[in-house]
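Have a look at the structure below before the remarks.
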Amino acid sequence: MNSDLLRVVVFSVGMATIATIVMLPPGIALAWLLARRSFPGRTVVETLVTLPLVLPPVATGLILLRLFGRRGFIGKWLDQFGIDLVFTWKAVILAMVVMGLPLLVRAARNGFEQVDPRYEQIAATLGATPIRVFFTISLPLAGRGVVAGSVLGFSRALGEFGATVMIAGMLPGTRTLSTSIYAYTQTGQDAPATVLLVAAAAVAFSAVYISNRLSTTGV
Amino acid sequence: MAGVLIKLDFVVHQGTFRLTLRECVQARAIALYGPSGAGKTTVLETIAGLRKPVAGLIEIDGRILFSSERHLDLPVESRRVGYVPQDIALFPHMNVRRNIFYGQSKSVALVPDTVLRALEISSLLDRNVAGLSGGERQRVAIARALLSEPELLLLDEPLAAVGHSLKERILPYVERVRHELNTPLIYVSHSLDEVNRVSDHVIILEEGRVVESKPTYSVS
């Protein structure tokens, strides 16, 4: 593998790793909320979280572009602080987070739902605050679901194409495994496309394998 | 020993079930006695804060846990009520030591060794909870509740699922909690023998109502 291809692999795995770390706190919080609390607008939140799974990724990318572009609702606000997201590596992460989050939330929510609320209640009777109950009881017992969700979110982030192309483009500093495979194929360069394909398949296989192992044998 | 003043004056609605309790008892150990479905567990869960009464007052030794009149409803973690549910609910991802010390109070009024010795569980500390026998699980759950230094210990049919010989082995531990560790308790049971051995006052419940409330020595 030449250095350009290696750079693409390292960049993609690095971006997907950062995206997974970024999506973990909101993903876990959302999963817990949806599993344990009923609140007004719960169905709307549930639908919004799932939306990127059912929308065409390119459409999700377009929504992100409209929101985070310089004239977009959020982009205009970020511009005041000198933050420009679109067509940078930060946009790659944004697309990965948005596309990976639904998978993380679904698996982690399933994990929280499987935790017997009795343990949380008993922990509270022992004087544990809700925060302590969450970190010492709920989260460890839902750990398998959270880890499986993180692996799925990471895999989805790594394979992200549609939304990434829309908001980050295929520039030298934003090229991921998926966009590079597409670019090489479009220009008839089959050899590098095949190398990246094998690399992408190896990383994705490892991630899904770990996820499946965790869901059957536990953390 | 005079015991503590326990005021349980509340109404709980749970689907179609209605529970009404109007009791003010001075005792060290109260037994809630009655058939299945009488509302015994509901009483314990309400005192622990896991169920909210429609209205009423829960006061333990002058400390109000719930008062609809004063709009006071202490959160579960602030009630200082140790609850050992019927299903025991030991934390499965923690060993015995971590379970027992989970809610340990920072105060030193109750020395852990005293509890461990009284319940004979010092040798179990590094065991996984999955490998414990029924009697060991009960004792660990009682120790866990005691080490959080509760002002009141709630035991929900701790011997319901164990055989006669195991029951005979565990009952002395419960008696020790009452006599040696000096912790007031409410003990749910549908066995008269247990009621007589463990409590000094019994409240007999049927279909969510108190049919009798009297010192235990008069139970027959």
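Going by the structure tokens order, chains are called A, B, ..., each with residues numbered from 1, while ligands are numbered from 1 in the order shown.
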
Env of range 6-16 of chain B: 8 Å cut, atoms = only C-alpha atoms, seq-sep filter 4 positions within chain, self excluded. Answer as a tab-separated table (two decimals) with N, CA and C atoms, in the first residue's frame.
chain	number	residue	atom	x	y	z
B	20	THR	N	-55.11	1.32	52.11
B	20	THR	CA	-55.30	2.38	53.11
B	20	THR	C	-54.68	1.95	54.42
B	21	LEU	N	-53.79	2.78	54.94
B	21	LEU	CA	-53.10	2.45	56.19
B	21	LEU	C	-53.21	3.66	57.12
B	22	ARG	N	-53.67	3.44	58.34
B	22	ARG	CA	-53.72	4.53	59.32
B	22	ARG	C	-53.15	4.02	60.63
B	23	GLU	N	-51.83	3.92	60.68
B	23	GLU	CA	-51.18	3.30	61.84
B	23	GLU	C	-50.15	4.24	62.47
B	24	CYS	N	-50.11	4.20	63.78
B	24	CYS	CA	-49.09	4.94	64.52
B	24	CYS	C	-48.58	3.96	65.59
B	25	VAL	N	-47.39	3.42	65.35
B	25	VAL	CA	-46.92	2.31	66.19
B	25	VAL	C	-45.57	2.63	66.80
B	26	GLN	N	-45.43	2.32	68.09
B	26	GLN	CA	-44.13	2.45	68.76
B	26	GLN	C	-43.59	1.03	68.88
B	27	ALA	N	-42.55	0.71	68.12
B	27	ALA	CA	-42.04	-0.66	68.15
B	27	ALA	C	-40.62	-0.71	67.62
B	52	LYS	N	-45.61	6.26	45.11
B	52	LYS	CA	-46.04	7.52	45.72
B	52	LYS	C	-47.48	7.40	46.19
B	53	PRO	N	-47.72	7.72	47.47
B	53	PRO	CA	-49.11	7.66	47.95
B	53	PRO	C	-49.94	8.77	47.31
B	54	VAL	N	-51.23	8.54	47.25
B	54	VAL	CA	-52.13	9.58	46.76
B	54	VAL	C	-52.14	10.73	47.77
B	55	ALA	N	-52.17	10.36	49.04
B	55	ALA	CA	-52.15	11.35	50.11
B	55	ALA	C	-51.70	10.68	51.39
B	56	GLY	N	-51.28	11.49	52.36
B	56	GLY	CA	-50.98	10.92	53.67
B	56	GLY	C	-49.66	11.38	54.27
B	57	LEU	N	-49.20	10.58	55.24
B	57	LEU	CA	-48.00	10.93	56.00
B	57	LEU	C	-47.19	9.66	56.27
B	58	ILE	N	-45.88	9.77	56.07
B	58	ILE	CA	-44.98	8.69	56.48
B	58	ILE	C	-43.91	9.34	57.36
B	59	GLU	N	-43.88	8.94	58.61
B	59	GLU	CA	-42.94	9.56	59.55
B	59	GLU	C	-42.26	8.47	60.37
B	60	ILE	N	-40.93	8.51	60.39
B	60	ILE	CA	-40.16	7.51	61.14
B	60	ILE	C	-39.39	8.23	62.24
B	61	ASP	N	-39.75	7.97	63.48
B	61	ASP	CA	-39.04	8.54	64.62
B	61	ASP	C	-38.90	10.07	64.50

Discussion item. Can you work out which residues from chain A touch chain B at a cut-off of 9 Å (counting only C-alpha atoms) and hand them back as a list in words?
Written reply: Arg118, Tyr119, Gln121, Ile122, Ala123, Ala124, Thr125, Leu126, Gly127, Ala128, Thr129, Pro130, Ile137, Pro140 and Leu141 of chain A

Fill in: Residue contacts of range 163-180 of chain A (6 Å, only C-alpha atoms) excluding same-chain residues fewer than 4 positions away, as a PyMOL selection string
chain A and resi 8+12+57-58+60-61+65+86-89+91-92+95+184

Residue selection dump (C-alpha atoms) as a compact mmCIF listing (two decimals), in the first residue's frame:
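The resulting result.txt:
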# COMPACT_ATOMS: atom_id res chain seq x y z
CA VAL A 8 -6.60 7.63 3.41
CA SER A 12 -10.77 7.40 7.75
CA PRO A 57 -27.67 9.72 2.99
CA VAL A 58 -27.30 12.34 0.25
CA THR A 60 -29.15 13.99 5.03
CA GLY A 61 -25.95 15.54 3.65
CA LEU A 65 -25.13 21.54 4.15
CA VAL A 86 -18.18 22.77 5.47
CA PHE A 87 -15.60 21.05 3.21
CA THR A 88 -13.17 20.50 6.08
CA TRP A 89 -12.26 17.39 8.14
CA ALA A 91 -17.52 18.22 8.25
CA VAL A 92 -16.37 14.61 7.75
CA ALA A 95 -21.49 13.55 8.71
CA TYR A 184 -10.51 6.03 -8.03

Practice prompt. Could you tell me, as a ChimeraX atom specification, which residues of range 35-138 of chain B DSSP assigns to helix (DSSP H, G or I) when given the backbone?
Written response: /B:40-48,76-78,96-101,112-118,122-124,129-131,134-138

If you keep C-alpha atoms, can you produce a file of those selected residues as a compact mmCIF listing (two decimals), in the first residue's frame?
# COMPACT_ATOMS: atom_id res chain seq x y z
CA LYS B 40 -47.70 -5.86 52.20
CA THR B 41 -45.07 -5.22 49.52
CA THR B 42 -46.89 -2.05 48.47
CA VAL B 43 -46.51 -0.74 52.02
CA LEU B 44 -42.74 -1.37 51.98
CA GLU B 45 -42.29 0.13 48.52
CA THR B 46 -44.25 3.20 49.57
CA ILE B 47 -42.11 3.70 52.69
CA ALA B 48 -38.96 3.24 50.57
CA VAL B 76 -35.56 7.60 47.57
CA GLU B 77 -31.83 8.19 48.11
CA SER B 78 -32.47 10.58 51.01
CA VAL B 96 -20.16 -9.67 47.33
CA ARG B 97 -17.75 -7.06 48.73
CA ARG B 98 -18.81 -4.38 46.25
CA ASN B 99 -22.47 -5.23 46.80
CA ILE B 100 -22.18 -5.00 50.56
CA PHE B 101 -20.25 -1.74 50.61
CA PRO B 112 -18.82 -3.16 58.99
CA ASP B 113 -17.12 -5.96 60.97
CA THR B 114 -20.07 -6.05 63.37
CA VAL B 115 -22.48 -6.61 60.49
CA LEU B 116 -20.21 -9.11 58.72
CA ARG B 117 -19.76 -11.07 61.94
CA ALA B 118 -23.43 -10.99 62.90
CA SER B 122 -16.80 -12.39 56.06
CA SER B 123 -15.72 -15.45 54.11
CA LEU B 124 -17.98 -14.60 51.17
CA VAL B 129 -22.93 -13.20 43.64
CA ALA B 130 -24.00 -15.72 40.99
CA GLY B 131 -22.35 -18.51 42.98
CA GLY B 134 -30.20 -18.81 48.65
CA GLY B 135 -29.37 -18.26 52.31
CA GLU B 136 -26.07 -16.52 51.51
CA ARG B 137 -27.82 -14.20 49.07
CA GLN B 138 -30.35 -13.24 51.74

Discussion item. As JSON, numbers by chain, please: the residues near Arg109 in chain A (cut-off 12 Å, only C-alpha atoms, same-chain neighbours under 3 positions excluded).
Written reply: {"A": [27, 28, 29, 30, 31, 32, 33, 34, 35, 36, 37, 46, 49, 101, 102, 103, 104, 105, 106, 112, 113, 114, 115, 138, 139, 141, 142, 143, 144, 145, 146, 147, 148, 149, 150]}

Practice prompt. Quick one: pick out all strand (DSSP E) residues within range 115-192 of chain B from a backbone DSSP run and write them as a list in words.
Written response: Leu152, Leu153, Leu154, Leu155, Asp156, Leu185, Ile186, Tyr187, Val188 and Ser189 of chain B

Writing out the chosen residues with N, CA and C atoms as a short mmCIF file (atom, residue, chain, number, x, y, z; two decimals), in the first residue's frame:
data_model
loop_
_atom_site.label_atom_id
_atom_site.label_comp_id
_atom_site.auth_asym_id
_atom_site.auth_seq_id
_atom_site.Cartn_x
_atom_site.Cartn_y
_atom_site.Cartn_z
N LEU B 152 -34.42 2.69 59.22
CA LEU B 152 -35.44 1.65 59.25
C LEU B 152 -35.07 0.61 58.19
N LEU B 153 -35.16 -0.66 58.56
CA LEU B 153 -34.85 -1.73 57.61
C LEU B 153 -36.16 -2.41 57.19
N LEU B 154 -36.35 -2.53 55.88
CA LEU B 154 -37.56 -3.16 55.36
C LEU B 154 -37.20 -4.51 54.76
N LEU B 155 -37.77 -5.57 55.29
CA LEU B 155 -37.48 -6.92 54.79
C LEU B 155 -38.75 -7.51 54.19
N ASP B 156 -38.72 -7.77 52.89
CA ASP B 156 -39.91 -8.28 52.22
C ASP B 156 -39.84 -9.79 52.05
N LEU B 185 -37.00 -2.43 62.33
CA LEU B 185 -37.32 -3.05 61.05
C LEU B 185 -38.81 -3.30 60.86
N ILE B 186 -39.19 -3.38 59.59
CA ILE B 186 -40.53 -3.82 59.24
C ILE B 186 -40.35 -5.08 58.40
N TYR B 187 -41.00 -6.14 58.84
CA TYR B 187 -40.77 -7.47 58.28
C TYR B 187 -42.07 -7.98 57.68
N VAL B 188 -42.05 -8.26 56.39
CA VAL B 188 -43.24 -8.78 55.73
C VAL B 188 -43.21 -10.30 55.74
N SER B 189 -44.31 -10.89 56.12
CA SER B 189 -44.35 -12.36 56.12
C SER B 189 -45.78 -12.85 56.07
#

Worksheet item: If we count only C-alpha atoms, what is near Ala19 in chain A at a cut-off of 10 Å, once residues fewer than 6 positions away on the same chain are taken out, given as an MDAnalysis selection string?
Response: chainID A and resid 13 90 92:101 153:154 157:158

With N, CA and C atoms kept, could you save the residues just selected as a PDB file, in the first residue's frame?
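After the write, result_39.pdb holds the following:
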ATOM      1  N   VAL A  13     -10.033   5.878   9.492  1.00  0.00           N
ATOM      2  CA  VAL A  13     -10.166   5.198  10.786  1.00  0.00           C
ATOM      3  C   VAL A  13     -10.097   6.237  11.915  1.00  0.00           C
ATOM      4  N   LYS A  90     -13.662  18.603   9.739  1.00  0.00           N
ATOM      5  CA  LYS A  90     -14.704  18.671  10.773  1.00  0.00           C
ATOM      6  C   LYS A  90     -16.071  18.270  10.193  1.00  0.00           C
ATOM      7  N   VAL A  92     -16.409  16.083   7.855  1.00  0.00           N
ATOM      8  CA  VAL A  92     -16.371  14.615   7.746  1.00  0.00           C
ATOM      9  C   VAL A  92     -16.885  14.000   9.055  1.00  0.00           C
ATOM     10  N   ILE A  93     -16.373  14.546  10.164  1.00  0.00           N
ATOM     11  CA  ILE A  93     -16.791  14.026  11.466  1.00  0.00           C
ATOM     12  C   ILE A  93     -18.285  14.261  11.692  1.00  0.00           C
ATOM     13  N   LEU A  94     -18.745  15.463  11.319  1.00  0.00           N
ATOM     14  CA  LEU A  94     -20.168  15.781  11.498  1.00  0.00           C
ATOM     15  C   LEU A  94     -21.045  14.771  10.755  1.00  0.00           C
ATOM     16  N   ALA A  95     -20.697  14.507   9.502  1.00  0.00           N
ATOM     17  CA  ALA A  95     -21.487  13.550   8.711  1.00  0.00           C
ATOM     18  C   ALA A  95     -21.441  12.168   9.347  1.00  0.00           C
ATOM     19  N   MET A  96     -20.258  11.770   9.806  1.00  0.00           N
ATOM     20  CA  MET A  96     -20.122  10.445  10.434  1.00  0.00           C
ATOM     21  C   MET A  96     -20.950  10.344  11.714  1.00  0.00           C
ATOM     22  N   VAL A  97     -20.938  11.411  12.507  1.00  0.00           N
ATOM     23  CA  VAL A  97     -21.692  11.401  13.773  1.00  0.00           C
ATOM     24  C   VAL A  97     -23.187  11.273  13.491  1.00  0.00           C
ATOM     25  N   VAL A  98     -23.660  12.112  12.562  1.00  0.00           N
ATOM     26  CA  VAL A  98     -25.099  12.107  12.269  1.00  0.00           C
ATOM     27  C   VAL A  98     -25.548  10.748  11.723  1.00  0.00           C
ATOM     28  N   MET A  99     -24.722  10.142  10.892  1.00  0.00           N
ATOM     29  CA  MET A  99     -25.117   8.860  10.298  1.00  0.00           C
ATOM     30  C   MET A  99     -24.909   7.676  11.248  1.00  0.00           C
ATOM     31  N   GLY A 100     -23.948   7.803  12.145  1.00  0.00           N
ATOM     32  CA  GLY A 100     -23.664   6.679  13.055  1.00  0.00           C
ATOM     33  C   GLY A 100     -24.505   6.689  14.311  1.00  0.00           C
ATOM     34  N   LEU A 101     -24.926   7.890  14.714  1.00  0.00           N
ATOM     35  CA  LEU A 101     -25.669   8.041  15.978  1.00  0.00           C
ATOM     36  C   LEU A 101     -26.913   7.143  16.093  1.00  0.00           C
ATOM     37  N   GLY A 153     -21.871   2.026  15.284  1.00  0.00           N
ATOM     38  CA  GLY A 153     -21.751   3.439  14.927  1.00  0.00           C
ATOM     39  C   GLY A 153     -20.428   3.716  14.239  1.00  0.00           C
ATOM     40  N   PHE A 154     -19.359   3.098  14.761  1.00  0.00           N
ATOM     41  CA  PHE A 154     -18.037   3.256  14.155  1.00  0.00           C
ATOM     42  C   PHE A 154     -18.043   2.699  12.722  1.00  0.00           C
ATOM     43  N   ALA A 157     -19.917   4.964  10.472  1.00  0.00           N
ATOM     44  CA  ALA A 157     -19.135   6.177  10.233  1.00  0.00           C
ATOM     45  C   ALA A 157     -18.045   5.899   9.200  1.00  0.00           C
ATOM     46  N   LEU A 158     -17.418   4.761   9.350  1.00  0.00           N
ATOM     47  CA  LEU A 158     -16.326   4.405   8.435  1.00  0.00           C
ATOM     48  C   LEU A 158     -16.825   4.234   7.001  1.00  0.00           C
TER      49      LEU A 158
END
